[in-house]
Amino acid sequence: MPNNDFYIGYLEKMPPSFRGPVRVFVLAAALLLALASFIIVKGQQAFSTSTFELGQLTTVEGTLRMEPAPMIQLETGKDSKGHPILQSILLIGFGKHGAEATLEKVEAQRKLKLDGKKLKLEGTLIYHDGKTLLELTQKEKSILDVFDVAPLNRQLTELGQTTLRGEIADPKCYFGVMKPGEGKVHRSCAARCIAGGIPPIFKAVSNDGQVQYFIIEGEDGEPINQQLLPIVGEPVQLTGSVVQYDDWLVLRLKDASSAQRLGARFMLEAPMCNSGPLSWPD
Amino acid sequence: MSVNYAPILWNRQKKRYDRIMLGLIALYLILFAAFQLLFRPEISPETIIIRATATLAFLMLHLILMIGPLCRLDHRFLPLLYNRRHLGVTMFLIALIHATFSIIQFHALGDVNPLVSVFTSNINYQSVSQFPFQVFGFFALLILFLMAATSHDFWLDNLGPRIWKSLHMMVYFAYALLVMHVLLGVLQQEGYPAGAALLGVGMAAVTGLHLAAAIKGKRMEDRPAGTAADGFVPVCRVDEILENRAKVVIIRQENIAIFKYDGKLSAVNNVCKHQNYRWVKARSSTAASPAPGTATNTGRKTVSLRPPLQKRSLLTM
């Protein structure tokens with residue numbers, strides 16, 4: 001016996017015999033959506049515990065250092081021998097920009113050089129894994145005051161040549177603003193940040209999974225942001241000389257084009273090759 | 001005389017359809033956010049929005065693509081098809097939220113225009129594994145935008161069935177682009193088997209239903225072969241068609257439904273206008289045909305047709 005029900009969409013009700021299949025579809029869709037949300041969320045990689053204090057401004061006072069990148073140098077205490085313990089907070093501009101442009105505008109407004117001066121700054125803190133950054137959120141207004149006092153000493157140590165494996169990232173996103181702030185899905189953002197003047201960092205991973213961070217610059221300390229753009233956000237091997245500025249390591253590359261691509265699976269499989277004199281934290 | 005278009009001709013069925021759709025969308029978004037906060041509390045709000053809208057839109061696209069073949073397999077799914085455009089437009093809007101947040105998050109406030117950045121921030125176009133997956137998503141969104149913008153009957157009438165249907169068939173190209181967007185984006189980064197399995201199941205379901213519907217359609221095709229000298233094709237005996245029912249036949253690639261009602265027979269083209277039916281082509285050849293679309297009743301009570309059909313052809317027994 002044929003089904004005499006005929007579906008007419010513009011009528012108020014559907015025929016009774018159509019209700020069953022439609023209900024089955026809706027129920028199946030609800031179950032699919034619920035199950036998919038669980039599978040997708042559970043299957044994701046864990047996110048970093050990094051912090052970006054969005055909407056919360058913090059005041060910091062310290063000595064401005066323009067090498068290897070704009071930083072505020074703080075004395076956080078003394079070691080057992082009475083030597084000062086120095087911490088450097090990396091300065092970052094608003095958006096996907098470095099801090100240099102903002103600092104240059106303030107220098108022009110105040111008609112003085114800021115490098116080596118003590119500054120009182122207000123900005124948004126970004127921190128993770130022992131590294132701290134300050135975003136100059138209010139641009140030139142972030143520099144509240146400038147003091148002409150004797151600068152803190154710098155602790156510079158040459159650590160020699162080394163070869164490292166890891167990924168080039170931008171510190172602003174990696175240390176707090178984005179989750180994830182590394183890898184292929186973040187590559188475009190990292191490229192924009194580095195192209196905008198934010199100093200590139202190299203996240204190097206040791207063969208036992210330990211991580212160290214290096215600011216990357218050219219052989220003579222010059223910025224090489226543009227040359228690094230093609231290899232941002234992918235596993236690479238870099239060879240260069242390492243210099244320590246207070247609590248930051250700097251990797252100076254002779255030639256950015258000598259970087260070796262390692263393939264997408266490196267981070268999961270390959271150990272880091274560390275042929276230099278660097279010691280890794282215990 | 002004029003034709004007026006209304007944005008939506010609401011009725012009870014449409015309202016229920018939209019309420020259920022919005023309810024399911026809310027269910028997914030609430031569950032997704034709740035699971036994130038439960039299992040991955042360190043996630044940022046922007047990432048929740050980007051991932052929730054991306055996965056929801058992609059899941060909705062799978063459901064949308066399944067509705068067509070489901071209706072061909074069982075006509076009782078037709079209520080899902082009738083208002084499918086609501087589902088499609090909503091899916092596009094959710095995908096647009098994903099794209100807008102992603103472009104602002106990853107490309108805005110930089111040294112170049114955000115849209116330029118989508119195409120230039122990763123220039124590994126020569127590499128398969130490092131290919132910029134965002135480009136696939138951009139062009140898929142463009143197709144979905146064109147489909148959503150032209151989903152109203154106004155555009156069907158003004159673009160014409162051929163262009164309209166061709167444009168809307170591009171959803172399959174958009175789907176392929178989105179599969180690449182997901183494979184070379186989040187799946188490559190996260191590398192988790194459950195996500196790949198979910199995508200595989202979705203692709204298998206979409207492909208399997210389309211194949212099943214095509215096989216069923218092929219089996220049910222009735223292609224009368226014999227042609228009389230006057231060009232008429234015998235189709236069936238009159239009593240093979242039940243009263244108030246139709247028989248579907250395909251003659252010279254033309255899909256024709258022959259209805260029997262009130263002691264009469266009518267032959268009409270069996271493909272909807274929006275499906276880019278061959279009406280234009282048939283009509284163009286009408287002039288050369290002395291009695292197109294007419295049917296004849298032989299002494300053996302046989303229905304015969306001579307396509308191409310007129311807009312609606314009355315048959316006599």
# chains A, B, ... in the order shown; residues from 1 in each chain; ligands from 1
>>> interface_residues(of="chain A", to="chain B", cutoff="8 Å", atoms="only C-alpha atoms", output="ChimeraX atom specification")
/A:7,9-14,17-19,21-22,29-30,33-34,36-49,95-97,178-179,183-189,191-193,195-196,230,264
>>> write_last_selection(atoms="N, CA and C atoms", output="CSV table (one decimal), in the first residue's frame")
chain,number,residue,atom,x,y,z
A,7,TYR,N,4.6,15.7,1.2
A,7,TYR,CA,5.2,16.8,1.9
A,7,TYR,C,5.0,18.1,1.2
A,9,GLY,N,6.0,22.0,1.9
A,9,GLY,CA,6.8,22.8,2.8
A,9,GLY,C,6.1,24.0,3.3
A,10,TYR,N,5.2,24.6,2.5
A,10,TYR,CA,4.7,25.9,3.0
A,10,TYR,C,3.4,25.7,3.8
A,11,LEU,N,3.0,24.5,4.1
A,11,LEU,CA,1.9,24.2,5.0
A,11,LEU,C,2.4,24.3,6.4
A,12,GLU,N,1.4,24.5,7.3
A,12,GLU,CA,1.8,24.7,8.7
A,12,GLU,C,2.4,23.4,9.4
A,13,LYS,N,1.9,22.2,8.9
A,13,LYS,CA,2.4,21.0,9.6
A,13,LYS,C,2.9,20.0,8.5
A,14,MET,N,3.8,19.2,8.9
A,14,MET,CA,4.3,18.1,8.1
A,14,MET,C,3.4,16.9,8.3
A,17,SER,N,3.6,10.8,9.0
A,17,SER,CA,4.6,9.8,8.7
A,17,SER,C,6.0,10.3,8.5
A,18,PHE,N,6.1,11.6,8.4
A,18,PHE,CA,7.4,12.2,8.2
A,18,PHE,C,8.1,12.5,9.5
A,19,ARG,N,7.3,12.5,10.6
A,19,ARG,CA,7.9,13.0,11.9
A,19,ARG,C,9.0,12.1,12.4
A,21,PRO,N,11.3,9.9,10.9
A,21,PRO,CA,12.7,10.1,10.3
A,21,PRO,C,13.3,11.5,10.7
A,22,VAL,N,12.5,12.5,10.7
A,22,VAL,CA,13.0,13.8,11.0
A,22,VAL,C,13.5,13.8,12.5
A,29,ALA,N,21.8,14.1,15.2
A,29,ALA,CA,22.6,15.3,15.1
A,29,ALA,C,23.0,15.8,16.5
A,30,ALA,N,22.1,15.8,17.4
A,30,ALA,CA,22.4,16.2,18.8
A,30,ALA,C,23.5,15.3,19.4
A,33,LEU,N,26.8,16.0,17.7
A,33,LEU,CA,27.4,17.3,18.2
A,33,LEU,C,28.0,17.2,19.6
A,34,ALA,N,27.3,16.5,20.4
A,34,ALA,CA,27.8,16.3,21.8
A,34,ALA,C,29.0,15.4,21.8
A,36,ALA,N,31.1,14.9,19.3
A,36,ALA,CA,32.2,15.6,18.6
A,36,ALA,C,32.9,16.6,19.5
A,37,SER,N,32.0,17.3,20.2
A,37,SER,CA,32.6,18.4,21.1
A,37,SER,C,33.6,17.8,22.1
A,38,PHE,N,33.2,16.6,22.7
A,38,PHE,CA,34.0,15.9,23.7
A,38,PHE,C,35.3,15.4,23.0
A,39,ILE,N,35.2,14.7,21.9
A,39,ILE,CA,36.4,14.2,21.2
A,39,ILE,C,37.3,15.3,20.8
A,40,ILE,N,36.8,16.4,20.2
A,40,ILE,CA,37.7,17.4,19.7
A,40,ILE,C,38.4,18.1,20.9
A,41,VAL,N,37.7,18.4,22.0
A,41,VAL,CA,38.3,19.0,23.1
A,41,VAL,C,39.4,18.1,23.8
A,42,LYS,N,39.0,16.9,24.0
A,42,LYS,CA,39.9,15.9,24.7
A,42,LYS,C,41.1,15.6,23.9
A,43,GLY,N,41.0,15.7,22.6
A,43,GLY,CA,42.1,15.3,21.7
A,43,GLY,C,43.1,16.4,21.5
A,44,GLN,N,42.8,17.6,21.9
A,44,GLN,CA,43.7,18.7,21.7
A,44,GLN,C,45.0,18.6,22.5
A,45,GLN,N,46.1,19.1,22.1
A,45,GLN,CA,47.3,19.2,22.9
A,45,GLN,C,47.0,20.2,24.0
A,46,ALA,N,47.7,20.0,25.1
A,46,ALA,CA,47.6,20.9,26.3
A,46,ALA,C,48.1,22.3,25.9
A,47,PHE,N,47.5,23.3,26.5
A,47,PHE,CA,47.9,24.6,26.2
A,47,PHE,C,48.9,25.1,27.2
A,48,SER,N,49.7,26.1,26.8
A,48,SER,CA,50.7,26.6,27.7
A,48,SER,C,50.1,27.3,28.9
A,49,THR,N,50.8,27.3,30.0
A,49,THR,CA,50.3,28.0,31.2
A,49,THR,C,50.7,29.4,31.3
A,95,GLY,N,50.2,45.8,19.8
A,95,GLY,CA,49.9,45.1,18.6
A,95,GLY,C,51.1,44.2,18.2
A,96,LYS,N,51.3,44.1,16.9
A,96,LYS,CA,52.4,43.2,16.4
A,96,LYS,C,53.6,44.1,16.0
A,97,HIS,N,54.1,44.9,17.0
A,97,HIS,CA,55.2,45.8,16.7
A,97,HIS,C,56.2,45.7,17.9
A,178,MET,N,49.1,34.4,23.0
A,178,MET,CA,48.4,33.4,22.2
A,178,MET,C,48.5,32.0,22.7
A,179,LYS,N,47.4,31.3,22.6
A,179,LYS,CA,47.5,29.9,22.9
A,179,LYS,C,46.8,29.1,21.8
A,183,GLY,N,54.1,26.8,16.4
A,183,GLY,CA,53.7,25.8,15.5
A,183,GLY,C,53.0,26.4,14.2
A,184,LYS,N,52.5,25.5,13.4
A,184,LYS,CA,52.1,26.0,12.1
A,184,LYS,C,50.8,26.9,12.2
A,185,VAL,N,49.9,26.6,13.1
A,185,VAL,CA,48.7,27.4,13.1
A,185,VAL,C,49.0,28.8,13.6
A,186,HIS,N,50.1,29.0,14.3
A,186,HIS,CA,50.5,30.3,14.7
A,186,HIS,C,51.5,31.0,13.8
A,187,ARG,N,52.0,30.3,12.8
A,187,ARG,CA,53.1,30.8,12.0
A,187,ARG,C,52.8,32.2,11.5
A,188,SER,N,51.6,32.4,10.9
A,188,SER,CA,51.3,33.7,10.3
A,188,SER,C,51.5,34.8,11.3
A,189,CYS,N,51.0,34.6,12.5
A,189,CYS,CA,51.0,35.6,13.5
A,189,CYS,C,52.4,35.9,13.9
A,191,ALA,N,55.1,35.5,12.1
A,191,ALA,CA,55.7,36.2,11.0
A,191,ALA,C,55.4,37.7,11.1
A,192,ARG,N,54.1,38.0,11.3
A,192,ARG,CA,53.7,39.4,11.4
A,192,ARG,C,54.4,40.1,12.6
A,193,CYS,N,54.4,39.4,13.7
A,193,CYS,CA,55.1,40.1,14.9
A,193,CYS,C,56.6,40.3,14.6
A,195,ALA,N,58.1,40.5,11.7
A,195,ALA,CA,58.2,41.5,10.6
A,195,ALA,C,57.9,42.9,11.2
A,196,GLY,N,57.1,43.0,12.3
A,196,GLY,CA,56.8,44.3,12.9
A,196,GLY,C,57.8,44.8,13.9
A,230,PRO,N,61.0,33.4,6.4
A,230,PRO,CA,60.6,32.2,5.7
A,230,PRO,C,60.7,30.9,6.6
A,264,ALA,N,58.3,18.5,9.5
A,264,ALA,CA,57.2,18.8,10.4
A,264,ALA,C,57.2,17.9,11.6
>>> residues_around(residues="stretch 111-125 of chain A", least_positions_apart="3", cutoff="10 Å", atoms="only C-alpha atoms", output="mmCIF file with C-alpha atoms, in the first residue's frame")
data_model
loop_
_atom_site.group_PDB
_atom_site.id
_atom_site.type_symbol
_atom_site.label_atom_id
_atom_site.label_comp_id
_atom_site.auth_asym_id
_atom_site.auth_seq_id
_atom_site.Cartn_x
_atom_site.Cartn_y
_atom_site.Cartn_z
ATOM 1 C CA THR A 51 50.010 34.543 31.203
ATOM 2 C CA PHE A 52 49.015 37.792 29.496
ATOM 3 C CA GLU A 53 47.551 40.184 32.059
ATOM 4 C CA LEU A 54 45.054 41.669 29.615
ATOM 5 C CA GLY A 55 43.396 44.804 31.006
ATOM 6 C CA GLN A 56 45.738 45.015 33.981
ATOM 7 C CA LEU A 57 48.523 47.612 33.894
ATOM 8 C CA THR A 58 51.659 47.191 36.001
ATOM 9 C CA THR A 59 54.290 49.833 36.829
ATOM 10 C CA VAL A 60 57.964 48.878 36.515
ATOM 11 C CA GLU A 61 61.134 50.882 37.238
ATOM 12 C CA GLY A 62 64.532 49.927 35.881
ATOM 13 C CA THR A 63 67.377 50.701 33.529
ATOM 14 C CA LEU A 64 66.579 50.703 29.827
ATOM 15 C CA ARG A 65 68.932 48.604 27.687
ATOM 16 C CA MET A 66 68.614 48.668 23.919
ATOM 17 C CA GLU A 67 70.979 45.690 23.402
ATOM 18 C CA PRO A 70 64.829 46.863 24.320
ATOM 19 C CA MET A 71 64.716 45.635 27.925
ATOM 20 C CA ILE A 72 64.215 46.996 31.411
ATOM 21 C CA GLN A 73 66.974 45.781 33.689
ATOM 22 C CA LEU A 74 66.006 45.232 37.322
ATOM 23 C CA ILE A 89 62.100 42.436 31.170
ATOM 24 C CA LEU A 90 61.805 42.400 27.392
ATOM 25 C CA LEU A 91 59.836 45.386 26.089
ATOM 26 C CA ILE A 92 57.275 44.896 23.321
ATOM 27 C CA GLY A 93 55.178 47.436 21.433
ATOM 28 C CA PHE A 94 51.405 47.482 21.092
ATOM 29 C CA LEU A 103 60.888 54.568 22.472
ATOM 30 C CA GLU A 104 62.171 56.626 19.527
ATOM 31 C CA LYS A 105 59.051 58.794 19.625
ATOM 32 C CA VAL A 106 59.565 59.409 23.344
ATOM 33 C CA GLU A 107 63.225 60.281 22.680
ATOM 34 C CA ALA A 108 62.092 62.790 20.054
ATOM 35 C CA THR A 132 58.911 38.258 31.616
ATOM 36 C CA LEU A 133 57.868 40.784 28.971
ATOM 37 C CA LEU A 134 56.100 44.132 29.224
ATOM 38 C CA GLU A 135 53.805 45.362 26.464
ATOM 39 C CA LEU A 136 53.843 49.164 26.113
ATOM 40 C CA THR A 137 50.067 49.068 25.858
ATOM 41 C CA GLN A 138 49.553 52.834 25.956
ATOM 42 C CA LYS A 139 52.375 53.468 23.476
ATOM 43 C CA GLU A 140 54.301 56.707 24.314
ATOM 44 C CA LYS A 141 52.120 57.250 27.376
ATOM 45 C CA SER A 142 53.539 54.013 28.776
ATOM 46 C CA ILE A 143 56.790 55.863 29.660
ATOM 47 C CA LEU A 144 55.756 57.668 32.832
ATOM 48 C CA ASP A 145 59.100 59.114 33.873
ATOM 49 C CA VAL A 146 62.813 59.211 33.024
ATOM 50 C CA PHE A 147 65.535 59.458 35.686
ATOM 51 C CA ASP A 148 69.120 60.391 34.981
ATOM 52 C CA VAL A 149 70.876 58.080 37.453
ATOM 53 C CA ALA A 150 73.872 55.761 37.189
ATOM 54 C CA PRO A 151 72.885 52.625 35.213
ATOM 55 C CA LEU A 152 73.189 49.097 36.542
ATOM 56 C CA ASN A 153 76.148 47.059 35.349
ATOM 57 C CA GLY A 176 51.513 34.644 26.892
ATOM 58 C CA VAL A 177 49.324 36.431 24.356
#
>>> residues_around(residues="A:Gly240", least_positions_apart="3", cutoff="6 Å", atoms="only C-alpha atoms", output="PyMOL selection string")
chain A and resi 161-162+251-253
>>> select_by_dssp(residues="stretch 78-291 of chain B", states="strand (DSSP E or B)", output="mmCIF file with N, CA and C atoms, in the first residue's frame")
data_model
loop_
_atom_site.group_PDB
_atom_site.id
_atom_site.type_symbol
_atom_site.label_atom_id
_atom_site.label_comp_id
_atom_site.auth_asym_id
_atom_site.auth_seq_id
_atom_site.Cartn_x
_atom_site.Cartn_y
_atom_site.Cartn_z
ATOM 1 N N VAL B 233 7.767 7.386 -27.893
ATOM 2 C CA VAL B 233 8.418 6.307 -27.151
ATOM 3 C C VAL B 233 7.376 5.662 -26.246
ATOM 4 N N PRO B 234 7.094 4.376 -26.439
ATOM 5 C CA PRO B 234 6.165 3.705 -25.520
ATOM 6 C C PRO B 234 6.774 3.635 -24.119
ATOM 7 N N VAL B 235 5.992 3.996 -23.108
ATOM 8 C CA VAL B 235 6.517 4.086 -21.740
ATOM 9 C C VAL B 235 5.997 2.950 -20.873
ATOM 10 N N CYS B 236 4.680 2.823 -20.822
ATOM 11 C CA CYS B 236 4.095 1.781 -19.985
ATOM 12 C C CYS B 236 2.621 1.659 -20.342
ATOM 13 N N ARG B 237 1.984 0.656 -19.737
ATOM 14 C CA ARG B 237 0.537 0.582 -19.912
ATOM 15 C C ARG B 237 -0.105 1.611 -18.984
ATOM 16 N N ARG B 245 -1.174 9.281 -8.875
ATOM 17 C CA ARG B 245 0.247 8.957 -8.713
ATOM 18 C C ARG B 245 0.973 9.292 -10.019
ATOM 19 N N ALA B 246 2.286 9.142 -9.951
ATOM 20 C CA ALA B 246 3.075 9.427 -11.145
ATOM 21 C C ALA B 246 4.050 8.296 -11.424
ATOM 22 N N LYS B 247 4.427 8.176 -12.659
ATOM 23 C CA LYS B 247 5.518 7.267 -13.037
ATOM 24 C C LYS B 247 6.641 8.129 -13.599
ATOM 25 N N VAL B 248 7.865 7.810 -13.174
ATOM 26 C CA VAL B 248 9.018 8.610 -13.614
ATOM 27 C C VAL B 248 9.794 7.814 -14.656
ATOM 28 N N VAL B 249 10.070 8.451 -15.776
ATOM 29 C CA VAL B 249 10.858 7.804 -16.827
ATOM 30 C C VAL B 249 11.929 8.771 -17.326
ATOM 31 N N ILE B 250 12.968 8.202 -17.890
ATOM 32 C CA ILE B 250 14.007 9.047 -18.477
ATOM 33 C C ILE B 250 14.092 8.726 -19.961
ATOM 34 N N ILE B 251 13.812 9.723 -20.764
ATOM 35 C CA ILE B 251 13.851 9.545 -22.216
ATOM 36 C C ILE B 251 14.779 10.596 -22.797
ATOM 37 N N GLU B 254 16.059 13.145 -20.530
ATOM 38 C CA GLU B 254 15.096 14.042 -19.911
ATOM 39 C C GLU B 254 14.280 13.275 -18.875
ATOM 40 N N ASN B 255 14.314 13.797 -17.630
ATOM 41 C CA ASN B 255 13.619 13.167 -16.512
ATOM 42 C C ASN B 255 12.160 13.646 -16.507
ATOM 43 N N ILE B 256 11.229 12.690 -16.726
ATOM 44 C CA ILE B 256 9.828 13.061 -16.938
ATOM 45 C C ILE B 256 8.935 12.310 -15.949
ATOM 46 N N ALA B 257 7.985 13.020 -15.351
ATOM 47 C CA ALA B 257 6.983 12.389 -14.484
ATOM 48 C C ALA B 257 5.638 12.423 -15.193
ATOM 49 N N ILE B 258 4.996 11.236 -15.283
ATOM 50 C CA ILE B 258 3.674 11.166 -15.924
ATOM 51 C C ILE B 258 2.649 10.938 -14.810
ATOM 52 N N PHE B 259 1.801 11.930 -14.593
ATOM 53 C CA PHE B 259 0.780 11.864 -13.537
ATOM 54 C C PHE B 259 -0.549 11.375 -14.113
ATOM 55 N N LYS B 260 -1.237 10.596 -13.285
ATOM 56 C CA LYS B 260 -2.605 10.198 -13.661
ATOM 57 C C LYS B 260 -3.557 10.719 -12.599
ATOM 58 N N TYR B 261 -4.532 11.489 -13.028
ATOM 59 C CA TYR B 261 -5.502 12.044 -12.082
ATOM 60 C C TYR B 261 -6.770 12.401 -12.852
ATOM 61 N N LYS B 264 -7.134 11.596 -16.423
ATOM 62 C CA LYS B 264 -6.249 12.224 -17.407
ATOM 63 C C LYS B 264 -4.799 11.883 -17.086
ATOM 64 N N LEU B 265 -3.951 12.111 -18.070
ATOM 65 C CA LEU B 265 -2.517 11.969 -17.861
ATOM 66 C C LEU B 265 -1.844 13.316 -18.131
ATOM 67 N N SER B 266 -0.852 13.650 -17.304
ATOM 68 C CA SER B 266 -0.052 14.853 -17.556
ATOM 69 C C SER B 266 1.413 14.479 -17.460
ATOM 70 N N ALA B 267 2.193 15.012 -18.357
ATOM 71 C CA ALA B 267 3.644 14.781 -18.306
ATOM 72 C C ALA B 267 4.330 16.106 -17.981
ATOM 73 N N VAL B 268 5.149 16.097 -16.951
ATOM 74 C CA VAL B 268 5.906 17.302 -16.588
ATOM 75 C C VAL B 268 7.371 16.930 -16.388
ATOM 76 N N ASN B 269 8.207 17.915 -16.533
ATOM 77 C CA ASN B 269 9.618 17.700 -16.236
ATOM 78 C C ASN B 269 9.755 17.378 -14.759
#
>>> select_by_dssp(residues="stretch 23-66 of chain A", states="helix (DSSP H, G or I)", output="PyMOL selection string")
chain A and resi 23-43
